[in-house]
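Student: One file is attached below, protein.txt, containing compact mmCIF, C-alpha atoms and all ligand atoms.
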# COMPACT_ATOMS: atom_id res chain seq x y z
CA MET O 145 -25.76 138.21 24.39
CA LYS O 146 -27.57 134.93 24.89
CA PRO O 147 -24.49 132.96 25.88
CA ARG O 148 -23.18 135.97 27.79
CA ILE O 149 -26.23 136.40 30.01
CA ALA O 150 -26.43 132.67 30.57
CA LEU O 151 -22.74 132.35 31.36
CA VAL O 152 -22.59 135.36 33.64
CA ALA O 153 -25.60 134.06 35.55
CA LEU O 154 -24.27 130.54 35.71
CA SER O 155 -20.86 131.60 36.95
CA LEU O 156 -22.52 133.90 39.45
CA VAL O 157 -24.69 131.13 40.82
CA LEU O 158 -21.68 128.87 41.03
CA SER O 159 -19.52 131.49 42.71
CA LEU O 160 -22.27 132.32 45.15
CA LEU O 161 -22.70 128.74 46.11
CA ILE O 162 -19.67 128.80 48.33
CA GLY O 163 -19.26 129.50 51.94
CA PHE O 164 -22.64 129.73 53.66
CA THR O 165 -23.99 126.52 55.06
CA LEU O 166 -27.67 126.32 55.92
CA ARG O 167 -28.79 125.47 59.38
CA ARG O 168 -31.56 123.07 58.45
CA GLY O 169 -30.20 120.13 56.49
CA ALA O 170 -31.55 117.00 58.08
CA GLY O 171 -35.09 116.17 58.89
CA SER O 172 -37.55 113.38 58.87
CA GLY O 173 -40.53 115.01 57.20
CA ALA O 174 -39.13 113.70 53.98
CA SER O 175 -40.39 110.23 53.47
CA GLN O 176 -39.33 110.58 49.82
CA ALA O 177 -35.99 112.22 50.64
CA SER O 178 -33.78 109.52 49.25
CA GLY O 179 -35.93 108.30 46.36
CA ARG O 180 -38.01 110.50 44.05
CA PRO O 181 -38.52 113.56 46.26
CA ILE O 182 -41.76 115.51 46.12
CA ILE O 183 -41.38 119.30 46.19
CA GLY O 184 -44.28 121.60 47.00
CA LEU O 185 -44.47 124.88 45.07
CA SER O 186 -46.91 127.35 46.61
CA MET O 187 -47.46 130.35 44.35
CA ASP O 188 -49.10 133.70 45.06
CA THR O 189 -50.77 133.81 41.68
CA LEU O 190 -50.64 132.50 38.14
CA GLU O 191 -52.66 135.40 36.76
CA VAL O 192 -49.56 137.43 35.93
CA GLU O 193 -47.53 136.35 32.88
CA ARG O 194 -44.18 136.21 34.63
CA TRP O 195 -45.25 133.58 37.17
CA GLN O 196 -46.38 131.16 34.48
CA HIS O 197 -42.80 131.15 33.13
CA ASP O 198 -41.47 130.58 36.64
CA ARG O 199 -43.75 127.60 37.21
CA ASP O 200 -43.01 125.93 33.88
CA LEU O 201 -39.25 126.32 34.16
CA PHE O 202 -39.11 125.26 37.82
CA VAL O 203 -41.17 122.13 37.22
CA ALA O 204 -39.19 121.17 34.12
CA ARG O 205 -35.82 121.46 35.90
CA ALA O 206 -37.00 119.62 39.01
CA LYS O 207 -38.30 116.78 36.83
CA GLU O 208 -34.95 116.55 35.03
CA LEU O 209 -33.37 116.12 38.46
CA GLY O 210 -35.73 113.27 39.29
CA ALA O 211 -38.14 115.13 41.56
CA GLU O 212 -41.90 115.51 41.39
CA VAL O 213 -43.47 118.95 41.93
CA LEU O 214 -46.91 119.68 43.33
CA VAL O 215 -47.94 123.21 42.27
CA VAL O 216 -50.67 125.25 43.95
CA SER O 217 -51.67 128.86 43.36
CA ALA O 218 -53.55 131.06 45.84
CA ASN O 219 -54.82 133.83 43.54
CA GLY O 220 -53.51 136.50 45.86
CA ASN O 221 -55.38 135.17 48.91
CA ASP O 222 -53.35 134.72 52.10
CA THR O 223 -55.77 132.36 53.84
CA ARG O 224 -55.79 130.20 50.76
CA GLN O 225 -51.99 130.24 50.51
CA ILE O 226 -51.67 129.00 54.10
CA ARG O 227 -54.23 126.26 53.36
CA ASP O 228 -52.31 125.38 50.19
CA CYS O 229 -49.13 124.94 52.24
CA GLU O 230 -50.92 122.82 54.85
CA ALA O 231 -52.21 120.58 52.07
CA LEU O 232 -48.73 120.27 50.56
CA ILE O 233 -47.23 119.43 53.95
CA SER O 234 -49.79 116.67 54.51
CA ASN O 235 -48.98 115.36 51.02
CA LYS O 236 -45.55 114.33 52.31
CA ILE O 237 -43.45 116.83 50.43
CA SER O 238 -39.72 116.84 51.23
CA ALA O 239 -39.15 120.56 50.60
CA LEU O 240 -41.45 123.56 50.31
CA VAL O 241 -40.86 126.42 47.88
CA ILE O 242 -43.01 129.51 48.45
CA ILE O 243 -43.65 132.61 46.35
CA PRO O 244 -45.53 134.54 49.03
CA HIS O 245 -48.39 136.89 48.29
CA ASP O 246 -47.80 138.46 51.70
CA GLY O 247 -44.26 138.06 53.01
CA ALA O 248 -45.37 138.60 56.61
CA ALA O 249 -48.41 136.30 56.54
CA MET O 250 -46.42 133.38 55.18
CA ALA O 251 -44.17 133.18 58.25
CA LYS O 252 -46.90 130.86 59.54
CA ALA O 253 -46.34 128.48 56.63
CA VAL O 254 -42.62 128.35 57.44
CA ASN O 255 -43.45 127.40 61.04
CA LEU O 256 -45.90 124.72 59.96
CA ALA O 257 -43.37 123.23 57.54
CA HIS O 258 -40.65 123.25 60.16
CA GLU O 259 -42.93 121.47 62.65
CA ALA O 260 -43.09 118.72 60.03
CA LYS O 261 -39.28 118.98 59.55
CA ILE O 262 -39.64 120.27 56.01
CA PRO O 263 -37.15 122.95 54.84
CA VAL O 264 -38.50 126.08 53.13
CA LEU O 265 -37.05 128.09 50.26
CA ALA O 266 -38.53 131.53 49.51
CA TYR O 267 -38.62 132.09 45.77
CA ASP O 268 -38.21 135.65 44.43
CA ARG O 269 -40.00 137.25 47.43
CA LEU O 270 -38.75 137.20 51.01
CA ILE O 271 -40.77 135.67 53.88
CA LEU O 272 -40.42 137.92 56.90
CA ASN O 273 -39.97 137.18 60.63
CA SER O 274 -39.39 133.46 60.27
CA ASP O 275 -36.59 130.89 60.38
CA LEU O 276 -36.61 130.68 56.59
CA ASP O 277 -33.95 128.29 55.26
CA LEU O 278 -33.00 129.91 51.97
CA TYR O 279 -33.94 132.90 49.80
CA LEU O 280 -33.32 132.93 46.07
CA THR O 281 -34.08 136.05 44.10
CA PHE O 282 -32.81 138.69 41.69
CA ASP O 283 -30.91 141.78 42.75
CA ASN O 284 -34.07 143.73 43.52
CA VAL O 285 -32.39 146.91 44.74
CA ARG O 286 -30.46 146.99 41.47
CA VAL O 287 -33.78 146.69 39.57
CA GLY O 288 -34.95 149.96 41.16
CA GLU O 289 -31.60 151.65 40.53
CA LEU O 290 -31.69 150.72 36.85
CA GLN O 291 -35.31 151.89 36.42
CA ALA O 292 -34.67 155.28 38.01
CA GLY O 293 -31.22 155.58 36.41
CA TYR O 294 -32.76 155.15 32.97
CA LEU O 295 -35.14 158.06 33.59
CA VAL O 296 -32.56 160.36 35.17
CA ASP O 297 -30.29 159.76 32.21
CA LYS O 298 -32.99 160.33 29.55
CA LEU O 299 -34.38 163.40 31.34
CA LYS O 300 -31.01 165.08 31.82
CA GLY O 301 -31.16 168.84 31.32
CA ARG O 302 -34.90 169.21 32.05
CA LYS O 303 -36.61 170.00 35.32
CA ALA O 304 -38.47 166.74 34.94
CA LYS O 305 -41.76 165.75 36.56
CA ILE O 306 -42.14 162.09 37.50
CA VAL O 307 -45.13 160.10 38.79
CA ARG O 308 -44.09 157.00 40.70
CA LEU O 309 -46.20 153.82 40.80
CA LEU O 310 -44.89 151.61 43.59
CA GLY O 311 -45.77 147.92 43.99
CA SER O 312 -47.81 145.98 46.51
CA LYS O 313 -47.09 146.79 50.15
CA THR O 314 -47.49 143.11 51.08
CA ASP O 315 -44.47 142.24 48.89
CA ASN O 316 -41.05 142.96 50.37
CA ASN O 317 -39.68 143.28 46.84
CA ALA O 318 -41.79 146.41 46.33
CA PHE O 319 -39.77 148.09 49.11
CA LEU O 320 -36.47 146.89 47.64
CA PHE O 321 -37.40 148.32 44.22
CA LYS O 322 -38.33 151.60 45.93
CA GLN O 323 -35.05 151.58 47.86
CA GLY O 324 -33.09 151.19 44.62
CA GLN O 325 -35.12 153.97 42.96
CA ASP O 326 -34.55 156.24 45.98
CA ASN O 327 -30.78 155.62 45.77
CA VAL O 328 -30.79 157.26 42.34
CA LEU O 329 -33.70 159.71 42.64
CA ASN O 330 -32.82 161.37 45.94
CA PRO O 331 -29.59 162.99 44.69
CA ALA O 332 -31.38 164.11 41.49
CA ILE O 333 -34.23 165.58 43.56
CA ALA O 334 -31.70 167.32 45.82
CA ARG O 335 -30.01 168.81 42.72
CA GLY O 336 -33.41 170.11 41.58
CA ASP O 337 -33.30 168.00 38.38
CA ILE O 338 -36.33 165.86 39.26
CA GLU O 339 -39.63 166.49 40.97
CA ILE O 340 -41.87 163.60 42.09
CA VAL O 341 -45.31 165.13 41.50
CA HIS O 342 -47.18 162.14 42.90
CA GLU O 343 -46.46 158.62 44.13
CA ASP O 344 -48.45 155.78 45.65
CA TRP O 345 -48.50 152.03 46.24
CA CYS O 346 -50.52 149.81 43.90
CA ASP O 347 -52.27 147.18 46.02
CA GLY O 348 -51.87 143.60 44.88
CA TRP O 349 -49.69 144.75 41.97
CA ARG O 350 -53.00 145.27 40.10
CA PRO O 351 -53.05 147.24 36.82
CA GLU O 352 -56.40 148.79 37.77
CA ASN O 353 -54.72 150.25 40.87
CA ALA O 354 -51.91 151.60 38.69
CA LYS O 355 -54.59 153.36 36.62
CA LYS O 356 -56.14 154.83 39.77
CA VAL O 357 -52.81 156.18 41.01
CA LEU O 358 -51.91 157.74 37.66
CA ASN O 359 -55.39 159.23 37.27
CA ALA O 360 -55.08 160.69 40.78
CA ALA O 361 -51.70 162.17 39.78
CA ILE O 362 -53.18 163.82 36.68
CA THR O 363 -56.14 165.18 38.65
CA LYS O 364 -53.76 166.57 41.26
CA SER O 365 -50.91 167.92 39.13
CA GLY O 366 -52.15 168.03 35.55
CA ARG O 367 -50.98 166.34 32.36
CA ASP O 368 -47.56 167.96 32.41
CA ILE O 369 -45.66 164.77 33.24
CA ASP O 370 -42.31 163.67 31.79
CA ALA O 371 -42.19 160.11 33.07
CA VAL O 372 -44.13 157.41 34.90
CA LEU O 373 -41.78 155.31 37.01
CA CYS O 374 -43.60 151.95 37.18
CA SER O 375 -42.01 149.30 39.37
CA ALA O 376 -43.20 146.44 37.09
CA ASP O 377 -44.70 145.74 33.67
CA ILE O 378 -48.03 144.77 35.18
CA LEU O 379 -48.29 148.39 36.42
CA SER O 380 -47.02 149.92 33.18
CA ALA O 381 -49.82 148.05 31.39
CA GLY O 382 -52.38 150.02 33.46
CA ALA O 383 -50.44 153.30 33.26
CA ILE O 384 -50.17 153.16 29.48
CA GLN O 385 -53.94 152.69 29.17
CA VAL O 386 -54.37 155.98 31.03
CA LEU O 387 -51.72 157.66 28.86
CA LEU O 388 -53.50 156.43 25.72
CA GLU O 389 -56.81 157.87 26.98
CA GLU O 390 -55.05 161.18 27.70
CA GLY O 391 -53.29 161.27 24.31
CA LEU O 392 -49.94 161.12 26.12
CA ALA O 393 -48.77 157.62 25.16
CA GLY O 394 -45.36 157.74 23.50
CA LYS O 395 -44.77 161.27 24.80
CA VAL O 396 -44.11 160.26 28.40
CA LEU O 397 -41.30 157.89 29.44
CA VAL O 398 -42.57 154.72 31.12
CA THR O 399 -40.47 152.12 32.94
CA GLY O 400 -41.26 148.53 33.81
CA GLN O 401 -39.85 145.20 34.92
CA ASP O 402 -40.20 141.55 33.83
CA ALA O 403 -39.91 141.85 30.04
CA ASP O 404 -43.51 140.65 29.70
CA LEU O 405 -44.35 140.01 26.05
CA SER O 406 -46.93 142.82 25.95
CA SER O 407 -44.36 145.24 27.43
CA CYS O 408 -41.72 144.22 24.90
CA GLN O 409 -44.31 144.86 22.18
CA ARG O 410 -45.09 148.28 23.66
CA ILE O 411 -41.37 149.08 23.81
CA VAL O 412 -40.81 148.45 20.10
CA GLU O 413 -44.07 150.30 19.31
CA GLY O 414 -42.90 153.25 21.42
CA THR O 415 -45.50 153.53 24.23
CA GLN O 416 -43.21 152.01 26.90
CA SER O 417 -39.57 153.07 27.22
CA MET O 418 -37.84 150.24 29.02
CA THR O 419 -38.23 147.14 31.13
CA ILE O 420 -35.90 145.06 33.26
CA TYR O 421 -35.17 141.58 31.97
CA LYS O 422 -34.70 139.08 34.75
CA PRO O 423 -33.62 135.76 33.20
CA ILE O 424 -36.24 133.66 34.95
CA LYS O 425 -34.69 130.47 33.68
CA ASN O 426 -31.62 131.14 35.85
CA LEU O 427 -33.77 131.68 38.94
CA ALA O 428 -36.10 128.75 38.29
CA ASN O 429 -33.24 126.37 37.49
CA ALA O 430 -31.18 127.37 40.51
CA ALA O 431 -34.25 127.18 42.77
CA ALA O 432 -35.19 123.74 41.47
CA GLU O 433 -31.63 122.50 41.94
CA LEU O 434 -31.46 123.85 45.49
CA ALA O 435 -34.95 122.61 46.38
CA VAL O 436 -34.01 119.11 45.24
CA LYS O 437 -30.86 119.31 47.38
CA LEU O 438 -32.91 120.45 50.37
CA ALA O 439 -35.38 117.65 49.70
CA ARG O 440 -32.57 115.10 49.58
CA ARG O 441 -31.13 116.58 52.77
CA GLU O 442 -27.91 117.49 51.01
CA VAL O 443 -25.86 120.43 52.18
CA VAL O 444 -26.82 123.67 50.47
CA VAL O 445 -24.66 126.76 50.61
CA ALA O 446 -25.29 130.41 49.80
CA LYS O 447 -22.79 133.24 50.10
CA GLU O 448 -25.07 136.24 50.67
CA GLU O 449 -27.64 136.86 53.38
CA LEU O 450 -30.61 139.14 53.98
CA ASN O 451 -32.21 139.99 57.31
CA ASN O 452 -35.92 139.12 57.37
CA GLY O 453 -36.66 140.77 60.72
CA LYS O 454 -35.83 137.61 62.68
CA ILE O 455 -32.69 136.07 61.20
CA ASN O 456 -30.12 136.64 58.47
CA VAL O 457 -31.47 134.35 55.78
CA PRO O 458 -28.88 132.68 53.50
CA ALA O 459 -29.59 134.27 50.13
CA ILE O 460 -28.64 134.29 46.47
CA PHE O 461 -29.15 137.37 44.26
CA LEU O 462 -29.10 136.97 40.49
CA PRO O 463 -28.19 139.76 38.04
CA VAL O 464 -30.72 141.79 36.01
CA HIS O 465 -30.54 143.65 32.66
CA VAL O 466 -32.02 146.85 31.19
CA VAL O 467 -34.02 146.38 27.99
CA ASP O 468 -35.14 149.14 25.64
CA LYS O 469 -35.74 149.40 21.90
CA ASP O 470 -32.01 149.32 21.19
CA THR O 471 -31.18 146.30 23.35
CA MET O 472 -34.29 144.16 22.73
CA GLU O 473 -32.46 142.02 20.18
CA SER O 474 -29.32 141.48 22.25
CA THR O 475 -31.14 140.58 25.47
CA VAL O 476 -34.65 139.15 25.43
CA ILE O 477 -34.55 137.83 21.86
CA ALA O 478 -30.96 136.55 21.96
CA ASP O 479 -31.74 134.77 25.21
CA GLY O 480 -34.77 133.04 23.68
CA PHE O 481 -37.17 134.58 26.23
CA HIS O 482 -39.48 135.82 23.46
CA THR O 483 -39.21 135.40 19.70
CA ARG O 484 -38.53 138.35 17.41
CA GLU O 485 -41.77 137.53 15.56
CA SER O 486 -43.89 137.70 18.72
CA ILE O 487 -42.37 141.02 19.84
CA TYR O 488 -42.58 142.74 16.45
CA LYS O 489 -45.92 140.97 15.66
CA GLN O 490 -44.56 139.74 12.32
C1 LIG K 501 -41.59 140.38 41.32
C2 LIG K 501 -41.77 141.08 40.01
C3 LIG K 501 -43.26 141.10 39.64
C4 LIG K 501 -44.12 141.60 40.79
C5 LIG K 501 -45.60 141.50 40.47
C6 LIG K 501 -42.47 141.01 42.38
O1 LIG K 501 -42.30 140.39 43.58
O2 LIG K 501 -40.23 140.41 41.73
O3 LIG K 501 -41.01 140.42 39.03
O4 LIG K 501 -43.47 141.95 38.55
O5 LIG K 501 -43.83 140.87 41.95
O6 LIG K 501 -45.99 140.18 40.24
Show me this structure written as structure tokens.
Ligand code: BGC

Tutor:
Amino acid sequence: MKPRIALVALSLVLSLLIGFTLRRGAGSGASQASGRPIIGLSMDTLEVERWQHDRDLFVARAKELGAEVLVVSANGNDTRQIRDCEALISNKISALVIIPHDGAAMAKAVNLAHEAKIPVLAYDRLILNSDLDLYLTFDNVRVGELQAGYLVDKLKGRKAKIVRLLGSKTDNNAFLFKQGQDNVLNPAIARGDIEIVHEDWCDGWRPENAKKVLNAAITKSGRDIDAVLCSADILSAGAIQVLLEEGLAGKVLVTGQDADLSSCQRIVEGTQSMTIYKPIKNLANAAAELAVKLARREVVVAKEELNNGKINVPAIFLPVHVVDKDTMESTVIADGFHTRESIYKQ
């Protein structure tokens, strides 16, 4: 599967890179544009495992391409993320890559960068209501469809009760995951196959908020739950703690996303049912390559687009994969994302 995932992703990136020319290609903010460009990478947080992979892979690829990367992380604080971007802009970066904590708040950073003639690429999460230059992400609606589809399939034939833990309301992705889940759940609810006994948003994607939501669900509707639909592994980590305390771990289906090492371990142990593997290397590599092009004021093209409330942003969506006990070997391990030893604790 390793070569297959890599090849599919590579050919997808290549096929997507046709046909959609960006508006912002030339600018003067880039004093380094023709030599060794400096790219600013402003991150929401580095506290969550997935984002550490993103940073390492992005920086490594950009370096291979002859660029320097300045990385800053805002620890989930919007004021700090704006300040981070201001600092990067005054450090003479030639392109700015942002993983926003709050997709609405970071429109200001796009404006500031554009005033300095610096193009902006949104990485993984969309920046709303701005003249964003490029958006590179995974197929987030598909993530939600696969999560919900897994449950609907496994729960076939029961009148199943599901608790839904949604992501952070400040992250546009959380709504896209929900949209994908709704696409699959709504027909099943209409058929009477599924009942959502409780659902809520988990602020800041924090596991402690996931625990609160699941505890509230149990207080409200009891322990008779068939599945917890978690939008990401960071939430399933919190949910599974609650299930362990309730003696329900392993008896209730739990979804996730990101193929975090601890989630992969829980999947083979049996307390988590599935996760979504998003080959971060493909995203980080493509983003680094495009950021270097933007920094060098080369033409960048993207075939898709996504409306951010102000414009249709040129966009690229990368494919995602379901991982459970049976496919752990052929996905995450075959792709070298985690070792077999680390997952099975050998
Ligand atoms: C990302 C997920 C991640 C979540 C929490 C989302 O925007 O797409 O991969 O689990 O943020 O960090």

Student: Residues within 6 Å of ligand LIG 501 (chain K), counting all atoms listed in the file: report them as number ranges by chain.

Tutor: O: 268-269, 317, 349, 376, 402

Student: Which one of O:Thr419, O:Thr223, O:Asn235, O:Gln196 sits closest to O:Gly184 if you count only C-alpha atoms?

Tutor: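 Smallest distance to O:Gly184 is found for O:Asn235.
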
Student: For atom CA of O:Tyr421 and atom CA of O:Glu343, quote the distance in Å rounded to one decimal.

Tutor: 23.8 Å

Student: Please list as an mmCIF file with C-alpha atoms, in the frame of the given file every residue within 10 Å of stretch 467-483 of chain O, counting all atoms listed in the file and excluding residues in the same chain fewer than 4 positions away.

Tutor:
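And here is the file that came out, part_7.cif:
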data_model
loop_
_atom_site.group_PDB
_atom_site.id
_atom_site.type_symbol
_atom_site.label_atom_id
_atom_site.label_comp_id
_atom_site.auth_asym_id
_atom_site.auth_seq_id
_atom_site.Cartn_x
_atom_site.Cartn_y
_atom_site.Cartn_z
ATOM 1 C CA MET O 145 -25.760 138.210 24.390
ATOM 2 C CA LYS O 146 -27.570 134.930 24.890
ATOM 3 C CA PRO O 147 -24.490 132.960 25.880
ATOM 4 C CA ARG O 148 -23.180 135.970 27.790
ATOM 5 C CA ILE O 149 -26.230 136.400 30.010
ATOM 6 C CA ALA O 150 -26.430 132.670 30.570
ATOM 7 C CA HIS O 197 -42.800 131.150 33.130
ATOM 8 C CA TYR O 294 -32.760 155.150 32.970
ATOM 9 C CA THR O 399 -40.470 152.120 32.940
ATOM 10 C CA GLY O 400 -41.260 148.530 33.810
ATOM 11 C CA GLN O 401 -39.850 145.200 34.920
ATOM 12 C CA ASP O 402 -40.200 141.550 33.830
ATOM 13 C CA ALA O 403 -39.910 141.850 30.040
ATOM 14 C CA ASP O 404 -43.510 140.650 29.700
ATOM 15 C CA LEU O 405 -44.350 140.010 26.050
ATOM 16 C CA CYS O 408 -41.720 144.220 24.900
ATOM 17 C CA GLN O 409 -44.310 144.860 22.180
ATOM 18 C CA ARG O 410 -45.090 148.280 23.660
ATOM 19 C CA ILE O 411 -41.370 149.080 23.810
ATOM 20 C CA VAL O 412 -40.810 148.450 20.100
ATOM 21 C CA GLU O 413 -44.070 150.300 19.310
ATOM 22 C CA GLY O 414 -42.900 153.250 21.420
ATOM 23 C CA GLN O 416 -43.210 152.010 26.900
ATOM 24 C CA SER O 417 -39.570 153.070 27.220
ATOM 25 C CA MET O 418 -37.840 150.240 29.020
ATOM 26 C CA THR O 419 -38.230 147.140 31.130
ATOM 27 C CA ILE O 420 -35.900 145.060 33.260
ATOM 28 C CA TYR O 421 -35.170 141.580 31.970
ATOM 29 C CA LYS O 422 -34.700 139.080 34.750
ATOM 30 C CA PRO O 423 -33.620 135.760 33.200
ATOM 31 C CA ILE O 424 -36.240 133.660 34.950
ATOM 32 C CA LYS O 425 -34.690 130.470 33.680
ATOM 33 C CA ILE O 487 -42.370 141.020 19.840
ATOM 34 C CA TYR O 488 -42.580 142.740 16.450
ATOM 35 C CA LYS O 489 -45.920 140.970 15.660
#

Student: Around (-48.9, 169.4, 29.2), as given in the file, which residues come within 12 Å? Count only C-alpha atoms and list them as number ranges by chain.

Tutor: O: 305, 362, 365-370, 390-392, 395-396

Student: Would you mind telling me which residue in O:Ala304, O:Ala361, O:Ala432, O:Leu388 lies nearest to O:Arg199 when using all atoms listed in the file?

Tutor: O:Ala432

Student: Return the single residue from O:Val445, O:Leu272, O:Ala231, O:Leu185 that is closest to O:Leu214, with distances computed using all atoms listed in the file.

Tutor: O:Leu185

Student: May I have the centre and edge lengths, in Å to one decimal, of an axis-aligned box around the listed atoms of stretch 182-186 of chain O with 6 Å added to every side, as AutoDock Vina command-line options?

Tutor:
--center_x -44.1 --center_y 121.4 --center_z 46.0 --size_x 17.5 --size_y 23.8 --size_z 13.9

Student: Using only C-alpha atoms, which residue out of O:Gly301, O:Gly288, O:Pro263, O:Gly453 lies closest to O:Val466?

Tutor: O:Gly288

Student: What is the distance, in Å and to one decimal place, between atom CA of O:Ser238 and atom CA of O:Asn316?

Tutor: 26.2 Å

Student: The residues within 8 Å of (-46.7, 131.7, 42.2), using all atoms listed in the file and the coordinates of the file, should be reported as an NGL selection string; which are they?

Tutor: :O and (185-190 or 195-196 or 198-199 or 216-218 or 242-244)

Student: Kindly indicate which residue among O:Val444, O:Val386, O:Leu438, O:Ala318 lies nearest to O:Ala211, using only C-alpha atoms for the distances.

Tutor: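 Among the listed residues, O:Leu438 lies closest to O:Ala211.
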
Student: What does the distance between atom CA of O:Ala248 and atom CA of O:Asn284 come to in Å, to one decimal place?

Tutor: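 Going from atom CA of O:Ala248 over to atom CA of O:Asn284 covers 18.0 Å.
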
Student: Which residue is closest to O:Ile183? Choose from O:Val357, O:Val464, O:Ile271, O:Leu434 and count all atoms listed in the file.

Tutor: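 Closest to O:Ile183 of all the choices is O:Leu434.
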